[in-house]
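Asks: Below is the file final-v5.txt, which contains compact mmCIF, C-alpha atoms.
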```
# COMPACT_ATOMS: atom_id res chain seq x y z
CA MET M 1 95.44 88.33 131.80
CA ARG M 2 98.89 87.78 130.41
CA THR M 3 99.99 90.11 127.63
CA GLU M 4 100.92 87.06 125.56
CA ASP M 5 97.34 85.80 125.74
CA LEU M 6 95.95 89.19 124.81
CA ILE M 7 98.16 89.26 121.70
CA THR M 8 97.02 85.79 120.70
CA THR M 9 93.41 86.84 121.20
CA LEU M 10 93.78 90.04 119.18
CA ALA M 11 95.50 88.32 116.28
CA ARG M 12 93.07 85.44 116.00
CA GLN M 13 90.76 85.82 113.01
CA ALA M 14 91.85 89.46 112.74
CA GLY M 15 91.66 89.64 108.95
CA PRO M 16 93.20 92.42 106.90
CA ALA M 17 93.45 95.98 108.22
CA PRO M 18 90.50 98.22 107.31
CA ARG M 19 92.66 100.74 105.52
CA ALA M 20 90.63 102.24 102.67
CA ALA M 21 87.74 103.23 104.93
CA VAL M 22 90.07 105.17 107.20
CA ARG M 23 91.39 107.32 104.39
CA ARG M 24 87.94 108.13 103.08
CA ARG M 25 86.37 108.87 106.42
CA LEU M 26 87.53 112.44 106.99
CA GLY M 27 86.91 113.53 103.41
CA LEU M 28 83.38 112.16 103.52
CA ALA M 29 82.71 113.92 106.82
CA LEU M 30 83.95 117.24 105.45
CA LEU M 31 81.90 116.88 102.25
CA GLY M 32 78.82 115.90 104.24
CA GLY M 33 79.35 118.87 106.54
CA LEU M 34 79.78 121.15 103.55
CA ALA M 35 76.53 119.96 102.01
CA LEU M 36 74.80 120.54 105.34
CA ALA M 37 76.29 124.04 105.64
CA LEU M 38 75.25 124.89 102.07
CA GLY M 39 71.72 123.75 102.83
CA LEU M 40 71.56 125.71 106.06
CA GLY M 41 73.09 128.79 104.41
CA GLY M 42 70.56 128.58 101.61
CA MET M 43 67.66 128.25 104.05
CA GLN M 44 68.88 131.20 106.05
CA ALA M 45 69.20 133.38 102.95
CA GLY M 46 65.55 132.62 102.11
CA SER M 47 64.80 133.05 98.43
CA PRO M 48 67.84 132.09 96.37
CA LEU M 49 69.85 135.18 95.58
CA PRO M 50 71.01 135.76 92.05
CA LEU M 51 74.67 134.72 92.32
CA PRO M 52 77.16 137.21 90.90
CA THR M 53 78.73 134.56 88.72
CA GLY M 54 80.02 137.18 86.32
CA GLU M 55 82.26 138.70 88.99
CA PRO M 56 85.79 137.29 89.25
CA ALA M 57 85.77 138.40 92.91
CA PHE M 58 82.96 135.92 93.59
CA TRP M 59 85.03 133.04 92.21
CA LEU M 60 88.07 134.26 94.08
CA LYS M 61 86.08 134.06 97.31
CA LEU M 62 84.94 130.51 96.54
CA GLY M 63 88.39 129.43 95.40
CA TYR M 64 90.10 130.87 98.47
CA THR M 65 87.82 129.15 100.97
CA ALA M 66 87.79 125.86 99.02
CA LEU M 67 91.59 125.87 98.88
CA LEU M 68 91.87 126.45 102.62
CA ALA M 69 89.36 123.69 103.32
CA GLY M 70 91.27 121.27 101.07
CA LEU M 71 94.62 122.06 102.68
CA ALA M 72 93.19 121.73 106.18
CA LEU M 73 91.72 118.37 105.17
CA ALA M 74 95.12 117.16 103.91
CA TRP M 75 96.64 118.19 107.24
CA LEU M 76 93.86 116.43 109.15
CA GLN M 77 94.37 113.19 107.22
CA ARG M 78 97.97 113.19 108.39
CA LEU M 79 97.08 114.12 111.98
CA GLY M 80 94.72 111.17 112.10
CA GLN M 81 97.57 108.79 111.26
CA PRO M 82 100.02 108.51 114.17
CA GLY M 83 103.65 109.17 113.33
CA GLN M 84 102.99 111.16 110.17
CA ALA M 85 104.80 114.46 109.65
CA ALA M 86 102.59 117.52 109.24
CA GLY M 87 103.19 117.71 105.49
CA PRO M 88 102.90 120.90 103.43
CA GLY M 89 99.31 121.68 104.50
CA PRO M 90 99.91 124.24 107.28
CA ARG M 91 102.58 126.12 105.34
CA LEU M 92 100.50 126.27 102.18
CA MET M 93 97.55 127.55 104.21
CA ALA M 94 99.70 130.36 105.59
CA LEU M 95 100.85 131.15 102.05
CA ALA M 96 97.26 131.24 100.78
CA VAL M 97 96.25 133.65 103.55
CA LEU M 98 99.23 135.89 102.77
CA ALA M 99 98.49 135.80 99.04
CA MET M 100 94.87 136.74 99.72
CA ALA M 101 96.05 139.60 101.93
CA GLY M 102 98.32 140.77 99.11
CA LEU M 103 95.43 140.71 96.65
CA GLY M 104 93.31 142.64 99.11
CA LEU M 105 95.99 145.30 99.51
CA LEU M 106 96.44 145.57 95.73
CA SER M 107 92.73 146.00 95.19
CA LEU M 108 92.62 148.68 97.89
CA ALA M 109 95.48 150.57 96.28
CA ALA M 110 93.39 150.87 93.14
CA LEU M 111 90.60 152.62 95.07
CA PRO M 112 90.45 156.32 95.93
CA ALA M 113 91.78 156.93 99.43
CA GLY M 114 88.37 157.85 100.85
CA ALA M 115 86.72 154.59 99.80
CA ARG M 116 89.28 152.20 101.27
CA LEU M 117 88.10 151.96 104.85
CA GLY M 118 84.49 151.52 103.79
CA THR M 119 85.49 148.63 101.52
CA VAL M 120 87.31 146.76 104.25
CA TRP M 121 84.56 147.41 106.76
CA GLY M 122 81.81 146.35 104.36
CA GLY M 123 78.09 146.64 105.09
CA ASP M 124 77.74 144.52 108.22
CA VAL M 125 81.05 143.28 109.52
CA TRP M 126 79.75 141.02 112.27
CA ALA M 127 77.44 139.16 109.92
CA CYS M 128 80.53 137.52 108.43
CA PRO M 129 82.08 135.85 111.50
CA ARG M 130 78.64 135.10 112.90
CA ASN M 131 77.51 133.28 109.77
CA VAL M 132 80.82 131.60 109.08
CA LEU M 133 81.07 130.26 112.62
CA GLY M 134 77.42 129.25 112.68
CA LEU M 135 77.78 127.29 109.44
CA ALA M 136 81.11 125.86 110.57
CA LEU M 137 79.59 124.31 113.67
CA PRO M 138 77.82 121.34 112.01
CA VAL M 139 80.88 120.76 109.83
CA PHE M 140 83.09 120.72 112.91
CA ALA M 141 80.81 118.23 114.64
CA LEU M 142 81.03 115.83 111.69
CA VAL M 143 84.77 116.23 111.22
CA ALA M 144 85.44 115.77 114.95
CA TRP M 145 83.30 112.65 114.93
CA ALA M 146 85.28 111.25 111.99
CA LEU M 147 88.55 112.19 113.65
CA ARG M 148 87.60 110.38 116.83
CA GLY M 149 87.41 107.19 114.79
CA LEU M 150 91.02 107.70 113.73
CA ALA M 151 93.95 107.97 116.09
CA PRO M 152 94.98 111.60 116.53
CA THR M 153 97.89 111.73 118.97
CA ARG M 154 98.31 115.53 119.03
CA LEU M 155 94.91 116.64 120.12
CA ARG M 156 95.42 120.39 120.20
CA ARG M 157 96.83 120.42 116.69
CA ALA M 158 94.10 118.07 115.48
CA GLY M 159 91.49 120.38 117.02
CA LEU M 160 93.09 123.36 115.30
CA ALA M 161 93.11 121.63 111.91
CA ALA M 162 89.53 120.44 112.36
CA GLY M 163 88.46 123.98 113.31
CA LEU M 164 90.22 125.47 110.29
CA ALA M 165 88.70 122.90 107.94
CA ALA M 166 85.24 123.52 109.37
CA GLY M 167 85.75 127.29 109.31
CA ALA M 168 86.85 127.24 105.68
CA ALA M 169 83.90 125.01 104.74
CA GLY M 170 81.55 127.35 106.63
CA ALA M 171 83.06 130.34 104.83
CA PHE M 172 82.64 128.57 101.50
CA ALA M 173 78.98 127.97 102.25
CA TYR M 174 78.46 131.54 103.46
CA ALA M 175 80.11 132.91 100.30
CA PHE M 176 76.93 132.06 98.39
CA SER M 177 74.74 134.37 100.42
CA CYS M 178 77.32 136.98 101.51
CA PRO M 179 76.82 140.25 99.64
CA GLU M 180 80.45 141.35 100.07
CA LEU M 181 82.74 140.74 97.12
CA ALA M 182 85.74 143.00 97.75
CA PRO M 183 88.99 140.99 98.02
CA ALA M 184 90.06 143.24 100.90
CA PHE M 185 86.92 142.31 102.84
CA VAL M 186 87.48 138.61 102.17
CA ALA M 187 91.16 138.85 103.09
CA VAL M 188 90.33 140.38 106.47
CA TRP M 189 87.00 139.02 107.62
CA TYR M 190 86.88 135.60 105.98
CA SER M 191 90.44 134.87 107.08
CA ALA M 192 89.73 136.12 110.61
CA SER M 193 86.55 134.06 110.91
CA ILE M 194 88.33 130.91 109.78
CA ALA M 195 91.17 131.63 112.21
CA VAL M 196 88.68 132.01 115.08
CA ALA M 197 87.11 128.67 114.12
CA GLY M 198 90.59 127.15 114.23
CA LEU M 199 91.31 128.62 117.67
CA LEU M 200 88.01 127.35 119.03
CA GLY M 201 88.86 123.93 117.63
CA ALA M 202 92.28 124.00 119.29
CA LEU M 203 90.58 124.98 122.55
CA VAL M 204 88.18 122.02 122.65
CA GLY M 205 90.45 119.53 120.84
CA PRO M 206 92.23 117.99 123.84
CA TRP M 207 88.92 117.47 125.57
CA LEU M 208 86.77 116.47 122.61
CA LEU M 209 89.14 114.23 120.66
CA ARG M 210 90.50 112.03 123.45
CA TRP M 211 90.31 108.33 122.76
CA MET D 1 121.28 99.74 124.94
CA GLU D 2 118.20 101.61 123.86
CA ASP D 3 118.12 100.69 120.22
CA ARG D 4 118.68 97.28 118.84
CA PRO D 5 120.31 96.75 115.48
CA ASP D 6 118.17 97.22 112.42
CA ALA D 7 117.62 93.55 111.71
CA PRO D 8 114.79 92.85 114.20
CA ASP D 9 113.00 95.98 113.04
CA ALA D 10 113.24 94.95 109.40
CA ARG D 11 111.74 91.62 110.39
CA THR D 12 108.94 93.35 112.33
CA GLU D 13 108.35 95.55 109.32
CA ALA D 14 107.99 92.56 107.00
CA LEU D 15 105.74 90.74 109.46
CA TRP D 16 103.58 93.81 109.86
CA ARG D 17 103.09 94.15 106.13
CA LEU D 18 101.88 90.56 105.97
CA ALA D 19 99.70 91.16 109.00
CA GLN D 20 98.05 94.21 107.49
CA ALA D 21 97.20 92.12 104.44
CA GLY D 22 95.43 89.60 106.68
CA ASP D 23 98.09 87.06 107.76
CA GLU D 24 97.00 86.11 111.25
CA HIS D 25 100.20 84.27 112.16
CA ALA D 26 102.40 87.20 111.08
CA TYR D 27 100.13 89.56 112.98
CA ARG D 28 100.69 87.69 116.24
CA GLN D 29 104.45 87.75 115.74
CA ALA D 30 104.43 91.42 114.78
CA LEU D 31 102.41 92.29 117.89
CA GLN D 32 104.85 90.30 120.03
CA ALA D 33 107.80 92.17 118.55
CA LEU D 34 106.06 95.52 119.04
CA ALA D 35 105.07 94.56 122.60
CA GLY D 36 108.71 93.85 123.44
CA ARG D 37 109.86 97.23 122.24
CA LEU D 38 106.93 99.05 123.83
CA ARG D 39 107.46 97.29 127.16
CA ALA D 40 111.04 98.55 127.22
CA TYR D 41 109.83 102.02 126.24
CA LEU D 42 107.25 102.09 129.04
CA ARG D 43 109.55 100.61 131.65
CA ARG D 44 112.09 103.36 131.14
CA ARG D 45 109.41 106.01 131.60
CA LEU D 46 107.40 104.45 134.40
CA THR D 47 110.23 103.77 136.82
CA ALA D 48 108.08 105.12 139.65
CA GLN D 49 105.11 102.89 138.76
CA PRO D 50 106.54 99.57 137.57
CA ASP D 51 103.24 97.86 138.30
CA ALA D 52 101.49 100.03 135.72
CA VAL D 53 103.68 98.93 132.81
CA GLU D 54 101.85 95.76 131.87
CA ASP D 55 98.40 97.34 132.23
CA LEU D 56 99.35 100.25 130.05
CA LEU D 57 101.02 97.97 127.54
CA GLN D 58 97.82 95.95 127.16
CA ASP D 59 95.87 99.18 126.79
CA ILE D 60 98.25 100.22 124.00
CA LEU D 61 98.09 96.82 122.26
CA LEU D 62 94.29 97.06 122.21
CA ALA D 63 94.61 100.54 120.72
CA LEU D 64 97.09 99.33 118.09
CA HIS D 65 94.69 96.59 117.11
CA LEU D 66 91.61 98.82 116.95
CA GLN D 67 93.46 101.55 115.06
CA ARG D 68 95.60 99.45 112.75
CA GLY D 69 93.83 100.95 109.76
CA THR D 70 95.48 104.28 110.63
CA HIS D 71 99.00 103.01 109.99
CA ALA D 72 100.23 104.81 106.88
CA PRO D 73 101.95 102.07 104.81
CA GLU D 74 104.85 104.35 103.90
CA LEU D 75 105.80 104.82 107.58
CA PRO D 76 107.91 102.44 109.68
CA VAL D 77 105.47 100.58 111.88
CA MET D 78 107.58 101.35 114.94
CA ASN D 79 107.07 105.11 114.44
CA TRP D 80 103.36 104.56 114.31
CA ALA D 81 103.30 102.28 117.36
CA LEU D 82 105.53 104.58 119.39
CA SER D 83 103.37 107.61 118.57
CA ILE D 84 100.35 105.79 119.94
CA ALA D 85 102.32 104.56 122.95
CA ARG D 86 103.50 108.10 123.67
CA TYR D 87 99.94 109.37 123.46
CA LYS D 88 98.67 106.67 125.83
CA LEU D 89 101.56 107.27 128.22
CA ILE D 90 100.89 111.01 128.41
CA ASP D 91 97.22 110.26 128.90
CA HIS D 92 98.17 107.91 131.73
CA TRP D 93 100.35 110.57 133.36
CA ARG D 94 97.63 113.14 133.01
CA ARG D 95 95.21 110.92 134.86
CA HIS D 96 97.48 109.43 137.46
CA GLY D 97 100.38 111.82 137.81
CA ARG D 98 103.94 111.12 136.84
CA ARG D 99 104.84 109.39 140.05
CA GLY D 100 101.53 107.74 140.86
CA GLY D 101 99.41 108.68 143.87
CA ASP D 102 100.99 106.24 146.29
CA ALA D 103 104.49 106.42 144.87
CA VAL D 104 107.38 106.00 147.22
CA ASP D 105 110.85 107.22 146.41
CA LEU D 106 112.67 104.09 145.34
CA ASP D 107 116.00 105.38 146.62
CA SER D 108 114.64 105.46 150.15
CA LEU D 109 113.88 101.74 150.15
CA ASP D 110 116.12 98.84 151.04
CA GLU D 111 117.00 96.37 148.37
CA HIS D 112 114.50 93.79 149.60
CA GLU D 113 111.73 96.40 149.66
CA GLN D 114 112.20 97.38 146.04
CA PRO D 115 109.21 96.48 143.87
CA SER D 116 110.01 93.47 141.78
CA VAL D 117 109.15 93.49 138.13
CA ASP D 118 108.63 90.08 136.69
CA HIS D 119 109.99 90.48 133.21
CA GLU D 120 108.65 87.19 131.90
CA ALA D 121 105.18 86.96 133.36
CA GLY D 122 103.63 89.92 131.56
CA LEU D 123 100.73 89.68 133.93
CA ALA D 124 98.47 92.67 134.23
CA ARG D 125 96.85 93.56 137.53
CA ARG D 126 93.57 94.10 135.80
CA ASP D 127 91.83 91.00 134.60
CA LEU D 128 90.62 91.27 131.01
CA ALA D 129 88.78 87.99 131.31
CA ARG D 130 86.63 89.49 134.04
CA LEU D 131 85.91 92.55 131.87
CA LEU D 132 84.97 90.26 129.02
CA ALA D 133 82.22 88.81 131.19
CA ARG D 134 80.68 92.28 131.51
CA LEU D 135 80.14 92.70 127.77
CA PRO D 136 76.66 92.46 126.24
CA ALA D 137 75.90 88.83 125.38
CA ALA D 138 76.06 89.27 121.58
CA GLN D 139 79.48 90.94 121.71
CA ARG D 140 80.85 88.44 124.21
CA ARG D 141 79.58 85.52 122.14
CA ALA D 142 81.14 86.93 118.96
CA ILE D 143 84.49 87.41 120.70
CA GLU D 144 84.35 83.96 122.23
CA LEU D 145 83.63 82.30 118.90
CA MET D 146 86.08 84.21 116.72
CA LYS D 147 88.76 85.29 119.15
CA LEU D 148 88.88 82.63 121.83
CA GLU D 149 87.77 79.52 119.94
CA GLY D 150 89.38 80.82 116.76
CA LEU D 151 86.56 79.86 114.40
CA ASP D 152 86.63 81.59 111.03
CA GLY D 153 83.78 83.81 109.94
CA ALA D 154 81.75 81.08 108.21
CA GLU D 155 82.06 78.60 111.09
CA ALA D 156 81.22 81.20 113.70
CA SER D 157 78.26 82.30 111.64
CA ALA D 158 76.97 78.74 111.27
CA ARG D 159 77.36 78.15 115.01
CA SER D 160 75.62 81.34 116.12
CA GLY D 161 73.18 81.96 113.31
CA VAL D 162 74.48 85.50 112.98
CA SER D 163 75.85 86.79 109.68
CA VAL D 164 79.63 87.05 109.28
CA SER D 165 79.61 90.82 108.88
CA ALA D 166 77.40 91.24 111.97
CA LEU D 167 79.82 89.03 113.93
CA LYS D 168 82.76 91.17 112.86
CA VAL D 169 80.94 94.31 113.92
CA GLN D 170 80.18 92.72 117.31
CA VAL D 171 83.83 91.74 117.77
CA HIS D 172 84.99 95.24 116.93
CA ARG D 173 82.43 96.89 119.24
CA GLY D 174 83.28 94.46 122.01
CA LEU D 175 86.99 95.18 121.78
CA LYS D 176 86.31 98.91 121.70
CA GLN D 177 84.20 98.59 124.83
CA LEU D 178 86.94 96.56 126.50
CA ALA D 179 89.48 99.25 125.57
CA ALA D 180 87.23 101.91 127.07
CA TRP D 181 86.89 99.96 130.35
CA VAL D 182 90.60 99.26 130.42
CA ARG D 183 91.25 102.98 130.09
CA LYS D 184 89.06 103.71 133.07
CA GLU D 185 90.48 100.94 135.21
CA THR D 186 94.17 101.35 134.48
CA PRO D 187 95.58 102.05 137.92
```
Any chance you could put this one into structure tokens?

Replies:
Amino acid sequence: MRTEDLITTLARQAGPAPRAAVRRRLGLALLGGLALALGLGGMQAGSPLPLPTGEPAFWLKLGYTALLAGLALAWLQRLGQPGQAAGPGPRLMALAVLAMAGLGLLSLAALPAGARLGTVWGGDVWACPRNVLGLALPVFALVAWALRGLAPTRLRRAGLAAGLAAGAAGAFAYAFSCPELAPAFVAVWYSASIAVAGLLGALVGPWLLRW
Amino acid sequence: MEDRPDAPDARTEALWRLAQAGDEHAYRQALQALAGRLRAYLRRRLTAQPDAVEDLLQDILLALHLQRGTHAPELPVMNWALSIARYKLIDHWRRHGRRGGDAVDLDSLDEHEQPSVDHEAGLARRDLARLLARLPAAQRRAIELMKLEGLDGAEASARSGVSVSALKVQVHRGLKQLAAWVRKETP
């Protein structure tokens, strides 16, 4: 077939570009994944725990993970549109992680020296990455599916961003059943779990997101 | 000369905006302008596989069409198209190697042995028409009515007894399937 004929064929009755749907697609996938993760997290926790809504540290935990998820989503939207620059997303995410680390350090400084290590280590350290990654998995599947319908041209970066978004959403969902409140614990283990989710995403991105 | 003056690009830009809003005539012209630039882009990078240029170009044009919703309106359309072309080119290299499996060093050949590239023909080695015949009947019919005969949604719907939105879905799925086959077959 001649290229000229292909162009004629493609243009015929093409109609307007489906633009609005593209922009909504990733956000809807992330929200859907989040709802799924919240449901799964709630089921896993069994009877609904009384949430420590009076504790500022609880809201800090939710705010931190929600912020990271939002920034990763903004980055993803741009990665799904070929030719777009990265935008402020990645830098703001790094800033948020640093700010959280600063808060964690400040809160540790207020504790007596003997209690610091125990606060960072928490009750069950491995429960955090295990749960965050477990809850991130369905979110990642949805986000990756949505991303495949767009046109990511930098697959490793897109995988990283998708992993970070899913990790942050998983951490947000886990925050409701996680007994740890200390900012130092959140700064270390939440951040690390989200980073691992991002690395796993970057690992499978080039293979999973090809189109 | 790698870059042409701004004027043709400004024209492409204007055509593309009309095309995105649904102007079929402008869309064809915009695709032609993009194809010209992309062909030059590919030819410079596929000097060892000149036969692959037209196949890859058609692969990219299909991708541009299927993904045209991902063009951010604030970006120059050429940036968007070149990003996709670059992605497809790297994908092509990854699957076939930079020089192609049966590549011969061009410098070792006599003038009359050099591969000729017909700049005007734009003929791909792969035959899309043959691939079209492999599509499921509903998708092929939808593409034939709307894309080959050029009927509008209402006419095509009346002729086939299928709703307009279902026809559009079939066209989109059919083109996606074609793009997937093209990807596999690109030599």

Asks: Once you count only C-alpha atoms, what closest atom pair and distance in Å to one decimal does each residue of chain M within 9 Å of chain D have, with rows by chain and rising residue number, as a Markdown table?

Replies:
```
| residue | atom | partner | partner_atom | distance |
| --- | --- | --- | --- | --- |
| M:Met1 | CA | D:Asp127 | CA | 5.3 |
| M:Arg2 | CA | D:Leu123 | CA | 4.4 |
| M:Thr3 | CA | D:Gly122 | CA | 5.4 |
| M:Glu4 | CA | D:Gly122 | CA | 7.2 |
| M:Leu6 | CA | D:Gln58 | CA | 7.4 |
| M:Ile7 | CA | D:Arg28 | CA | 6.2 |
| M:Thr8 | CA | D:Arg28 | CA | 6.1 |
| M:Thr9 | CA | D:Lys147 | CA | 5.3 |
| M:Leu10 | CA | D:Lys147 | CA | 6.9 |
| M:Ala11 | CA | D:Arg28 | CA | 5.2 |
| M:Arg12 | CA | D:Lys147 | CA | 5.3 |
| M:Gln13 | CA | D:Met146 | CA | 6.2 |
| M:Ala14 | CA | D:Glu24 | CA | 6.3 |
| M:Gly15 | CA | D:Gly22 | CA | 4.4 |
| M:Pro16 | CA | D:Gly22 | CA | 3.6 |
| M:Ala17 | CA | D:Gln20 | CA | 5.0 |
| M:Pro18 | CA | D:Gly69 | CA | 5.0 |
| M:Arg19 | CA | D:Gly69 | CA | 4.4 |
| M:Ala20 | CA | D:Gly69 | CA | 7.9 |
| M:Ala21 | CA | D:Gly69 | CA | 8.1 |
| M:Val22 | CA | D:Gly69 | CA | 6.2 |
| M:Arg23 | CA | D:Thr70 | CA | 8.1 |
| M:Arg78 | CA | D:Ala72 | CA | 8.8 |
| M:Gly80 | CA | D:Thr70 | CA | 7.1 |
| M:Gln81 | CA | D:Thr70 | CA | 5.0 |
| M:Pro82 | CA | D:Trp80 | CA | 5.2 |
| M:Gly83 | CA | D:Trp80 | CA | 4.7 |
| M:Gln84 | CA | D:Leu75 | CA | 7.4 |
| M:Gly149 | CA | D:Gln67 | CA | 8.3 |
| M:Leu150 | CA | D:Thr70 | CA | 6.4 |
| M:Ala151 | CA | D:Gln67 | CA | 6.5 |
| M:Pro152 | CA | D:Ile84 | CA | 8.6 |
| M:Thr153 | CA | D:Tyr87 | CA | 5.5 |
| M:Arg154 | CA | D:Tyr87 | CA | 7.8 |
| M:Arg210 | CA | D:Asp91 | CA | 8.8 |
| M:Trp211 | CA | D:Ala180 | CA | 8.3 |
```

Asks: So, counting all atoms listed in the file, which residue among M:Ala184, M:Arg116, M:Leu34, M:Ala158 is closest to Leu137 in chain M?

Replies: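 Once distances to Leu137 in chain M are computed over all atoms listed in the file, the minimum belongs to M:Leu34.
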
Asks: Separation of CA of Ala197 in chain M and CA of Ser107 in chain M, in Å?

Replies: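 So the two atoms, CA of Ala197 in chain M and CA of Ser107 in chain M, lie 26.3 Å apart.
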
Asks: Quote the spacing between CA of Gly89 in chain M and CA of Lys61 in chain M in Å to one decimal place.

Replies: 19.5 Å

Asks: CA of Ala138 in chain D to CA of Leu209 in chain M: how many Å, to one decimal?

Replies: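 Answer for the CA of Ala138 in chain D to CA of Leu209 in chain M separation: 28.2 Å.
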
Asks: Restricting the calculation to all atoms listed in the file: of M:Ser191, M:Gly32, M:Phe172, M:Ala162, which residue gets closest to Ala96 in chain M?

Replies: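 For Ala96 in chain M, the nearest of the candidates is M:Ser191.
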
Asks: Reconstruct N, CA and C atoms of range 55-74 of chain M; output as an mmCIF file, in the frame of the given file.

Replies:
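Result written to part.cif:
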```cif
data_model
loop_
_atom_site.group_PDB
_atom_site.id
_atom_site.type_symbol
_atom_site.label_atom_id
_atom_site.label_comp_id
_atom_site.auth_asym_id
_atom_site.auth_seq_id
_atom_site.Cartn_x
_atom_site.Cartn_y
_atom_site.Cartn_z
ATOM 1 N N GLU M 55 81.193 137.972 88.276
ATOM 2 C CA GLU M 55 82.260 138.700 88.990
ATOM 3 C C GLU M 55 83.439 137.785 89.300
ATOM 4 N N PRO M 56 84.630 138.109 88.863
ATOM 5 C CA PRO M 56 85.790 137.290 89.250
ATOM 6 C C PRO M 56 85.956 137.244 90.773
ATOM 7 N N ALA M 57 85.583 138.339 91.454
ATOM 8 C CA ALA M 57 85.770 138.400 92.910
ATOM 9 C C ALA M 57 84.942 137.316 93.609
ATOM 10 N N PHE M 58 83.788 136.978 93.010
ATOM 11 C CA PHE M 58 82.960 135.920 93.590
ATOM 12 C C PHE M 58 83.691 134.579 93.539
ATOM 13 N N TRP M 59 84.305 134.312 92.382
ATOM 14 C CA TRP M 59 85.030 133.040 92.210
ATOM 15 C C TRP M 59 86.291 133.025 93.063
ATOM 16 N N LEU M 60 86.888 134.181 93.228
ATOM 17 C CA LEU M 60 88.070 134.260 94.080
ATOM 18 C C LEU M 60 87.703 133.864 95.512
ATOM 19 N N LYS M 61 86.567 134.362 95.960
ATOM 20 C CA LYS M 61 86.080 134.060 97.310
ATOM 21 C C LYS M 61 85.854 132.560 97.485
ATOM 22 N N LEU M 62 85.191 131.954 96.482
ATOM 23 C CA LEU M 62 84.940 130.510 96.540
ATOM 24 C C LEU M 62 86.251 129.727 96.479
ATOM 25 N N GLY M 63 87.133 130.147 95.575
ATOM 26 C CA GLY M 63 88.390 129.430 95.400
ATOM 27 C C GLY M 63 89.246 129.501 96.656
ATOM 28 N N TYR M 64 89.285 130.670 97.266
ATOM 29 C CA TYR M 64 90.100 130.870 98.470
ATOM 30 C C TYR M 64 89.630 129.952 99.604
ATOM 31 N N THR M 65 88.333 129.954 99.856
ATOM 32 C CA THR M 65 87.820 129.150 100.970
ATOM 33 C C THR M 65 87.924 127.647 100.660
ATOM 34 N N ALA M 66 87.682 127.279 99.385
ATOM 35 C CA ALA M 66 87.790 125.860 99.020
ATOM 36 C C ALA M 66 89.230 125.385 99.164
ATOM 37 N N LEU M 67 90.173 126.236 98.769
ATOM 38 C CA LEU M 67 91.590 125.870 98.880
ATOM 39 C C LEU M 67 91.968 125.656 100.344
ATOM 40 N N LEU M 68 91.548 126.597 101.196
ATOM 41 C CA LEU M 68 91.870 126.450 102.620
ATOM 42 C C LEU M 68 91.251 125.175 103.199
ATOM 43 N N ALA M 69 90.015 124.899 102.805
ATOM 44 C CA ALA M 69 89.360 123.690 103.320
ATOM 45 C C ALA M 69 90.118 122.445 102.863
ATOM 46 N N GLY M 70 90.535 122.429 101.597
ATOM 47 C CA GLY M 70 91.270 121.270 101.070
ATOM 48 C C GLY M 70 92.593 121.071 101.778
ATOM 49 N N LEU M 71 93.314 122.166 102.004
ATOM 50 C CA LEU M 71 94.620 122.060 102.680
ATOM 51 C C LEU M 71 94.451 121.614 104.124
ATOM 52 N N ALA M 72 93.435 122.144 104.786
ATOM 53 C CA ALA M 72 93.190 121.730 106.180
ATOM 54 C C ALA M 72 92.830 120.253 106.228
ATOM 55 N N LEU M 73 92.087 119.789 105.218
ATOM 56 C CA LEU M 73 91.720 118.370 105.170
ATOM 57 C C LEU M 73 92.968 117.498 105.006
ATOM 58 N N ALA M 74 93.886 117.936 104.121
ATOM 59 C CA ALA M 74 95.120 117.160 103.910
ATOM 60 C C ALA M 74 95.909 117.078 105.225
#
```
